[in-house]
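Structure file protein.cif (mmCIF, C-alpha atoms and all ligand atoms) follows.
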data_data
loop_
_atom_site.label_atom_id
_atom_site.label_comp_id
_atom_site.auth_asym_id
_atom_site.auth_seq_id
_atom_site.Cartn_x
_atom_site.Cartn_y
_atom_site.Cartn_z
CA MET A 1 116.00 141.61 90.32
CA TRP A 2 112.21 141.52 90.60
CA GLU A 3 110.48 140.48 93.81
CA TYR A 4 108.00 137.74 92.94
CA THR A 5 105.38 136.22 95.21
CA ASP A 6 105.44 132.49 95.93
CA LYS A 7 102.38 132.06 93.75
CA VAL A 8 104.09 133.73 90.79
CA LYS A 9 107.13 131.51 91.27
CA ASP A 10 104.95 128.43 91.57
CA HIS A 11 103.07 129.15 88.33
CA PHE A 12 106.31 130.06 86.58
CA PHE A 13 108.15 126.89 87.54
CA ASN A 14 105.08 124.65 87.21
CA PRO A 15 102.79 126.33 84.69
CA HIS A 16 99.32 124.86 84.38
CA ASN A 17 97.48 124.21 81.12
CA VAL A 18 100.32 124.82 78.70
CA GLY A 19 99.51 124.11 75.06
CA GLU A 20 96.69 124.57 72.64
CA ILE A 21 93.22 123.04 72.64
CA GLU A 22 92.31 121.14 69.52
CA GLU A 23 89.21 122.53 67.86
CA PRO A 24 88.77 125.28 70.43
CA ASP A 25 85.60 127.34 70.79
CA GLY A 26 87.57 130.56 71.27
CA VAL A 27 91.09 131.68 70.37
CA GLY A 28 92.72 134.91 71.48
CA GLU A 29 96.14 136.02 70.31
CA VAL A 30 97.72 139.24 71.55
CA GLY A 31 101.12 140.87 71.69
CA SER A 32 103.89 140.18 69.23
CA LEU A 33 107.36 138.75 69.36
CA ALA A 34 108.67 142.11 68.15
CA CYS A 35 107.30 143.70 71.35
CA GLY A 36 108.83 140.98 73.53
CA ASP A 37 105.59 139.35 74.73
CA ALA A 38 103.00 137.24 72.95
CA LEU A 39 100.15 135.14 74.26
CA LYS A 40 97.75 132.69 72.65
CA LEU A 41 94.78 131.55 74.72
CA THR A 42 92.34 128.84 73.66
CA PHE A 43 89.24 127.59 75.46
CA LYS A 44 86.52 125.00 75.09
CA LEU A 45 82.99 125.30 76.48
CA ASP A 46 80.86 122.58 78.03
CA LYS A 47 77.23 122.01 77.04
CA ASN A 48 76.08 124.60 79.62
CA GLY A 49 78.21 127.33 78.08
CA LYS A 50 80.84 127.27 80.82
CA ILE A 51 84.56 127.16 80.13
CA LYS A 52 85.56 123.56 80.71
CA ASP A 53 89.14 123.78 79.49
CA ALA A 54 91.65 126.50 78.71
CA LYS A 55 95.25 126.40 77.55
CA PHE A 56 97.91 128.92 76.73
CA LYS A 57 101.12 129.37 74.82
CA THR A 58 103.26 132.35 75.59
CA PHE A 59 106.54 133.93 74.74
CA GLY A 60 107.62 136.12 77.59
CA CYS A 61 109.10 136.49 81.02
CA ALA A 62 108.29 134.74 84.31
CA SER A 63 105.36 137.10 84.90
CA ALA A 64 103.90 136.43 81.45
CA ILE A 65 104.03 132.68 82.07
CA ALA A 66 102.60 132.97 85.59
CA THR A 67 99.75 135.32 84.58
CA SER A 68 98.81 133.13 81.62
CA SER A 69 98.89 130.00 83.75
CA VAL A 70 96.79 131.49 86.51
CA LEU A 71 94.34 132.97 84.03
CA THR A 72 93.56 129.54 82.59
CA GLU A 73 92.80 128.37 86.13
CA MET A 74 90.67 131.41 86.95
CA ILE A 75 88.36 131.09 83.96
CA LYS A 76 87.61 127.38 84.19
CA GLY A 77 84.01 126.85 85.27
CA LEU A 78 82.96 130.42 84.39
CA THR A 79 80.40 131.49 81.81
CA LEU A 80 81.73 133.85 79.15
CA ASP A 81 79.85 136.77 80.75
CA GLU A 82 81.55 136.03 84.05
CA ALA A 83 84.97 135.58 82.44
CA ALA A 84 84.58 138.85 80.54
CA LYS A 85 84.40 140.72 83.85
CA ILE A 86 87.93 139.67 84.88
CA THR A 87 90.27 142.67 84.98
CA ASN A 88 94.04 142.72 84.86
CA ARG A 89 93.95 143.77 88.52
CA ASP A 90 92.03 140.55 89.34
CA ILE A 91 94.74 138.49 87.64
CA ALA A 92 97.55 140.30 89.47
CA ASP A 93 95.67 140.02 92.80
CA TYR A 94 95.16 136.29 92.27
CA LEU A 95 98.94 135.98 92.07
CA GLY A 96 99.37 137.98 95.26
CA GLY A 97 100.65 140.93 93.22
CA LEU A 98 103.19 141.54 90.48
CA PRO A 99 106.13 143.94 90.33
CA GLU A 100 104.81 147.27 89.00
CA GLN A 101 107.12 147.00 85.98
CA LYS A 102 105.50 143.67 85.09
CA MET A 103 101.86 144.68 85.30
CA HIS A 104 101.67 144.74 81.51
CA CYS A 105 101.70 140.92 81.64
CA SER A 106 98.40 140.97 83.54
CA VAL A 107 97.01 143.38 80.96
CA MET A 108 98.12 141.03 78.19
CA GLY A 109 96.25 138.18 79.90
CA ARG A 110 93.05 140.21 80.11
CA GLU A 111 93.41 141.24 76.45
CA ALA A 112 93.92 137.62 75.32
CA LEU A 113 90.82 136.57 77.23
CA GLU A 114 88.75 139.36 75.66
CA ALA A 115 90.08 138.44 72.21
CA ALA A 116 89.19 134.76 72.71
CA ILE A 117 85.67 135.61 73.88
CA GLU A 118 85.23 137.96 70.95
CA ASN A 119 86.51 135.25 68.63
CA TYR A 120 83.88 132.84 69.96
CA ARG A 121 81.05 135.37 69.83
CA THR A 122 81.76 136.44 66.29
CA GLY A 123 81.93 132.87 65.09
CA GLY A 124 85.64 133.09 64.54
CA LYS A 125 85.01 135.25 61.51
CA LYS A 126 86.22 138.51 62.90
CA LYS A 127 89.83 139.07 63.89
CA HIS A 128 90.38 140.84 67.19
CA GLU A 129 90.56 144.50 66.33
CA LEU A 130 92.17 147.24 68.30
CA GLU A 131 89.61 149.77 69.45
CA GLY A 132 90.40 153.46 69.20
CA ASN A 133 93.30 155.32 67.64
CA VAL A 134 96.89 154.23 67.98
CA VAL A 135 98.72 156.60 70.32
CA CYS A 136 101.95 154.66 70.80
CA THR A 137 103.19 153.47 67.44
CA CYS A 138 106.24 151.78 68.96
CA PHE A 139 104.00 149.24 70.73
CA GLY A 140 100.72 149.66 68.83
CA VAL A 141 98.72 150.83 71.87
CA THR A 142 95.50 152.78 71.32
CA ASP A 143 93.97 155.63 73.30
CA LYS A 144 91.14 153.29 74.38
CA GLU A 145 93.59 150.76 75.83
CA ILE A 146 95.52 153.48 77.63
CA GLU A 147 92.29 154.87 79.08
CA ARG A 148 91.28 151.39 80.15
CA VAL A 149 94.48 150.66 82.10
CA ILE A 150 94.40 154.11 83.71
CA ARG A 151 90.80 153.65 84.88
CA ASP A 152 91.11 149.99 85.91
CA ASN A 153 94.26 150.60 87.93
CA ASP A 154 93.95 154.24 89.06
CA LEU A 155 97.16 155.24 87.30
CA THR A 156 98.45 158.79 87.64
CA THR A 157 101.82 158.91 85.82
CA VAL A 158 103.18 158.17 82.35
CA GLU A 159 105.71 155.79 83.89
CA GLN A 160 102.89 153.73 85.39
CA VAL A 161 101.08 153.62 82.05
CA THR A 162 104.31 152.30 80.47
CA ASN A 163 104.52 149.60 83.14
CA TYR A 164 100.94 148.53 82.50
CA CYS A 165 100.73 148.56 78.71
CA LYS A 166 104.20 149.49 77.44
CA ALA A 167 102.92 152.69 75.78
CA GLY A 168 105.57 155.37 76.10
CA GLY A 169 108.38 152.92 76.74
CA GLY A 170 109.99 153.10 73.27
CA CYS A 171 110.98 156.33 71.56
CA GLY A 172 108.96 158.33 74.10
CA GLY A 173 107.26 160.33 71.33
CA CYS A 174 103.77 159.55 72.63
CA GLN A 175 104.38 160.55 76.26
CA GLY A 176 102.79 163.97 75.83
CA GLN A 177 99.60 162.36 74.51
CA ILE A 178 99.59 159.87 77.39
CA GLU A 179 99.90 162.75 79.84
CA LYS A 180 96.89 164.43 78.25
CA ILE A 181 94.85 161.22 78.56
CA ILE A 182 95.80 160.96 82.25
CA GLU A 183 94.79 164.60 82.81
CA LYS A 184 91.48 164.06 81.03
CA ILE A 185 90.62 161.03 83.15
CA GLN A 186 91.68 162.77 86.35
CA GLY A 187 89.52 165.72 85.34
CA ASP A 188 86.55 163.39 84.71
CA LYS A 189 87.03 161.74 88.08
CA ALA A 190 87.42 165.05 89.88
CA GLY A 191 84.19 166.18 88.23
CA GLN A 192 82.43 163.06 89.42
CA LEU A 193 83.77 163.58 92.90
CA THR A 194 82.68 167.20 92.93
CA GLU A 195 79.20 166.26 91.81
CA THR A 196 78.97 163.69 94.57
CA PRO A 197 77.75 165.13 97.81
CA PRO A 198 80.43 164.98 100.48
CA ARG A 199 79.67 163.91 104.06
CA TRP A 200 79.57 160.26 103.21
CA ALA A 201 80.13 159.06 106.74
CA GLY A 202 77.47 156.71 107.95
CA ARG A 203 76.58 155.54 104.49
CA LEU A 204 79.93 154.07 103.52
CA THR A 205 81.30 150.72 104.52
CA ASN A 206 84.84 150.78 105.89
CA ILE A 207 86.21 149.50 102.60
CA GLN A 208 84.31 152.15 100.63
CA LYS A 209 85.57 154.84 103.00
CA ILE A 210 89.19 153.74 102.60
CA GLN A 211 88.79 153.57 98.83
CA LEU A 212 87.32 157.08 98.75
CA ILE A 213 90.14 158.38 100.94
CA GLN A 214 92.70 156.79 98.61
CA GLN A 215 90.90 158.18 95.58
CA THR A 216 90.83 161.67 97.08
CA ILE A 217 94.54 161.47 97.87
CA ASN A 218 95.33 160.28 94.33
CA GLU A 219 93.23 162.85 92.56
CA GLN A 220 92.92 165.88 94.80
CA ILE A 221 96.03 165.94 96.96
CA ARG A 222 98.93 164.08 95.34
CA PRO A 223 99.12 166.13 92.11
CA ALA A 224 99.58 169.36 94.12
CA LEU A 225 102.32 167.84 96.30
CA ARG A 226 104.09 166.26 93.34
CA ALA A 227 104.17 169.60 91.58
CA HIS A 228 106.50 170.69 94.41
CA GLY A 229 108.62 167.54 94.41
CA GLY A 230 106.79 165.89 97.29
CA ASP A 231 104.40 163.02 97.71
CA ILE A 232 102.06 161.43 100.21
CA GLU A 233 101.23 157.85 101.10
CA LEU A 234 98.16 156.54 102.88
CA ILE A 235 99.40 154.33 105.71
CA ASP A 236 96.23 153.36 107.55
CA VAL A 237 92.72 154.38 108.53
CA GLU A 238 91.55 153.85 112.10
CA GLY A 239 87.97 154.99 112.49
CA ASP A 240 88.04 158.67 111.58
CA LYS A 241 91.83 158.89 111.95
CA VAL A 242 93.70 158.91 108.65
CA ILE A 243 97.40 158.14 108.99
CA VAL A 244 99.64 159.37 106.22
CA ALA A 245 103.36 159.64 105.49
CA PHE A 246 104.96 162.44 103.55
CA ARG A 247 107.65 161.67 101.00
CA GLY A 248 110.19 163.55 98.92
CA MET A 249 110.34 167.29 99.54
CA CYS A 250 107.26 167.11 101.78
CA ALA A 251 109.13 164.87 104.22
CA GLN A 252 111.82 167.51 104.55
CA CYS A 253 109.54 170.51 104.83
CA ARG A 254 108.85 172.25 108.12
CA LEU A 255 105.42 173.18 106.74
CA THR A 256 104.33 169.56 106.93
CA GLU A 257 101.95 170.32 109.79
CA PHE A 258 100.35 173.09 107.75
CA THR A 259 100.09 170.87 104.64
CA MET A 260 98.52 168.13 106.70
CA LYS A 261 95.78 170.33 108.14
CA GLU A 262 95.16 172.87 105.40
CA VAL A 263 95.54 170.63 102.39
CA VAL A 264 95.19 166.96 103.27
CA GLU A 265 92.64 167.17 106.07
CA ALA A 266 90.63 169.90 104.34
CA LYS A 267 90.35 167.88 101.12
CA LEU A 268 89.46 164.67 102.91
CA ARG A 269 86.77 166.48 104.89
CA GLU A 270 85.44 168.04 101.74
CA PHE A 271 85.33 164.85 99.68
CA VAL A 272 84.90 162.04 102.19
CA SER A 273 83.66 163.05 105.64
CA LYS A 274 83.74 166.15 107.85
CA ASP A 275 84.69 163.92 110.79
CA LEU A 276 88.06 162.83 109.43
CA PHE A 277 91.30 164.04 110.97
CA VAL A 278 94.81 163.39 109.75
CA GLU A 279 97.95 162.33 111.58
CA GLU A 280 101.44 161.77 110.30
CA ASP A 281 102.77 158.24 110.57
CA LYS A 282 104.86 158.09 113.75
CA GLU A 283 107.55 155.88 112.20
CA SER A 284 108.19 158.17 109.29
CA ALA A 285 108.03 161.20 111.63
CA LYS A 286 111.03 159.70 113.45
CA GLU A 287 113.10 159.87 110.29
CA PRO A 288 115.54 162.78 110.33
CA HIS A 289 114.00 165.90 108.78
CA ASN A 290 115.88 168.58 107.01
CA HIS A 291 114.45 171.88 108.15
CA ARG A 292 115.58 174.04 105.31
CA GLY A 293 111.91 174.65 104.62
S1 LIG A 301 105.43 156.14 70.09
FE1 LIG A 301 105.13 155.47 72.13
S2 LIG A 301 107.11 155.06 72.81
FE2 LIG A 301 107.41 155.51 70.71
#
As structure tokens, the full file:
Amino acid sequence: MWEYTDKVKDHFFNPHNVGEIEEPDGVGEVGSLACGDALKLTFKLDKNGKIKDAKFKTFGCASAIATSSVLTEMIKGLTLDEAAKITNRDIADYLGGLPEQKMHCSVMGREALEAAIENYRTGGKKKHELEGNVVCTCFGVTDKEIERVIRDNDLTTVEQVTNYCKAGGGCGGCQGQIEKIIEKIQGDKAGQLTETPPRWAGRLTNIQKIQLIQQTINEQIRPALRAHGGDIELIDVEGDKVIVAFRGMCAQCRLTEFTMKEVVEAKLREFVSKDLFVEEDKESAKEPHNHRG
């Protein structure tokens, strides 16, 4: 059973703007019944070029209905340039979040919006075309789309990619390629981080600092811990104190203190600020540890 927010439930039980606009300015159709989800989005512009009306028809689950409904609300009153900036993360956030396994519905909403805008801008002559090369033939997902969801949502595993765009969720034959795409993007990001001078403190807002800490954990620390069956979670940031919790094998390991100082703290000091220090979350530290090492 999925955990849905009140907003998701509200838009599922009382969807807004269901239907199809007559003589629309833009039409976007994505997904297919064969893949289990399909969405058709239509919009009409006012004389100032802003979206004055939008409607949707969808075949899908509660999340597909809720994301489509909320998307039609989000884009009303926007110019097409503004609407084009909406990401799947924005749609999911607007709903107060979606279950991870349902994030592909938010991606479908963003794709339908892009297709409708493209349809308007090309005078309706050009059909929405998939960019890039198809990696997942089971669901018709291209390398460009996979890269997009990885970058937009900071994904690090094949399972997450499947949750966000379905790629890899059929025969599994494309999972190796998806892994390579993830590695490539992580490599790109690590390169960018390395090129960026560390010692950011003083120039970062709190939000930027937290984002950089999370990014460093995702890209520099987590892969090494996962390779040994462990994991790490960022719990909070209080000034220069970074509170983390260890999971999996790391939570059972008596070398946690060493990992915290020599790996986690060292990386955060290298990539974020030399003033940071790391503490383990007190609540998770109370959990019984197995000291087999
Ligand atoms: S080719 Fe991607 S799951 Fe089958």
Enumerate, in order of chain and increasing residue number, the residues of chain A with an atom no farther than 7 Å from ligand LIG 301 (chain A), each with its shortest atom pair and distance in Å to one decimal, counting all atoms listed in the file, as JSON lines.
{"residue": "A:Val135", "atom": "CA", "partner": "A:LIG301", "partner_atom": "S1", "distance": 6.7}
{"residue": "A:Cys136", "atom": "CA", "partner": "A:LIG301", "partner_atom": "FE1", "distance": 3.5}
{"residue": "A:Thr137", "atom": "CA", "partner": "A:LIG301", "partner_atom": "S1", "distance": 4.4}
{"residue": "A:Cys138", "atom": "CA", "partner": "A:LIG301", "partner_atom": "FE2", "distance": 4.3}
{"residue": "A:Phe139", "atom": "CA", "partner": "A:LIG301", "partner_atom": "FE1", "distance": 6.5}
{"residue": "A:Ala167", "atom": "CA", "partner": "A:LIG301", "partner_atom": "FE1", "distance": 5.1}
{"residue": "A:Gly168", "atom": "CA", "partner": "A:LIG301", "partner_atom": "S2", "distance": 3.6}
{"residue": "A:Gly169", "atom": "CA", "partner": "A:LIG301", "partner_atom": "S2", "distance": 4.7}
{"residue": "A:Gly170", "atom": "CA", "partner": "A:LIG301", "partner_atom": "S2", "distance": 3.5}
{"residue": "A:Cys171", "atom": "CA", "partner": "A:LIG301", "partner_atom": "FE2", "distance": 3.8}
{"residue": "A:Gly172", "atom": "CA", "partner": "A:LIG301", "partner_atom": "S2", "distance": 4.0}
{"residue": "A:Gly173", "atom": "CA", "partner": "A:LIG301", "partner_atom": "S1", "distance": 4.7}
{"residue": "A:Cys174", "atom": "CA", "partner": "A:LIG301", "partner_atom": "FE1", "distance": 4.3}
{"residue": "A:Gln175", "atom": "CA", "partner": "A:LIG301", "partner_atom": "FE1", "distance": 6.6}
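In terms of minimum interatomic distance to Arg226 (chain A), A:Gly248 ranks closest within A:Lys267, A:Ala64, A:Gly248, A:Lys144, counting all atoms listed in the file.
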Padding of 5 Å on every side, edges along x, y and z, all listed atoms of region 154-172 of chain A included: what centre and edge lengths in Å, to one decimal, does that box have, as lines of an AutoDock Vina configuration file?
center_x = 102.5
center_y = 153.7
center_z = 80.3
size_x = 27.0
size_y = 20.4
size_z = 27.5
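Closest approach to Gly132 (chain A) among A:Glu283, A:Glu118, A:Glu147, A:Glu73 is made by A:Glu147 (distances from all atoms listed in the file).
A straight line drawn from CA of Asn163 (chain A) to CA of Lys102 (chain A) is 6.3 Å long.
Distances here use all atoms listed in the file; by that measure, the residue among A:Ile178, A:Val278, A:Cys105, A:Ile207 closest to Thr156 (chain A) is A:Ile178.
Distances to Ile65 (chain A) were evaluated for A:Glu22, A:Asp10, A:Asp53, A:Glu82 using only C-alpha atoms, and the minimum falls at A:Asp10.
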Minimum-distance residue to Glu29 (chain A), chosen among A:Gln220, A:Thr42, A:Asn133, A:Thr205 (using only C-alpha atoms) = A:Thr42
For a cut-off of 7 Å around (99.5, 146.2, 87.2), file coordinates, pick out all residues using all atoms listed in the file and list them as a VMD selection string.
-> chain A and resid 88 to 89 92 98 100 102 to 104 106 153 164
So which residues touch Leu113 (chain A) within 10 Å, counting all atoms listed in the file, skipping near sequence neighbours fewer than 6 positions away, as a ChimeraX atom specification?
-> /A:26-30,39-43,68,71-72,75,80,83-84,86-87,107,119
Mind writing the picked residues with C-alpha atoms as a short mmCIF file (atom, residue, chain, number, x, y, z; two decimals), keeping the file's coordinate frame?
data_model
loop_
_atom_site.label_atom_id
_atom_site.label_comp_id
_atom_site.auth_asym_id
_atom_site.auth_seq_id
_atom_site.Cartn_x
_atom_site.Cartn_y
_atom_site.Cartn_z
CA GLY A 26 87.57 130.56 71.27
CA VAL A 27 91.09 131.68 70.37
CA GLY A 28 92.72 134.91 71.48
CA GLU A 29 96.14 136.02 70.31
CA VAL A 30 97.72 139.24 71.55
CA LEU A 39 100.15 135.14 74.26
CA LYS A 40 97.75 132.69 72.65
CA LEU A 41 94.78 131.55 74.72
CA THR A 42 92.34 128.84 73.66
CA PHE A 43 89.24 127.59 75.46
CA SER A 68 98.81 133.13 81.62
CA LEU A 71 94.34 132.97 84.03
CA THR A 72 93.56 129.54 82.59
CA ILE A 75 88.36 131.09 83.96
CA LEU A 80 81.73 133.85 79.15
CA ALA A 83 84.97 135.58 82.44
CA ALA A 84 84.58 138.85 80.54
CA ILE A 86 87.93 139.67 84.88
CA THR A 87 90.27 142.67 84.98
CA VAL A 107 97.01 143.38 80.96
CA ASN A 119 86.51 135.25 68.63
#
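The gap separating CA of Ile117 (chain A) from CA of Pro24 (chain A) is 11.3 Å, in Å to one decimal.
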Polymer residues at most 12 Å from Glu265 (chain A), all atoms listed in the file, same-chain spacing of 2 or more positions, as a PyMOL selection string | chain A and resi 213+216-217+220-221+240-244+256-263+267-280
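CA of Asp90 (chain A) is found 22.0 Å from CA of Val158 (chain A).
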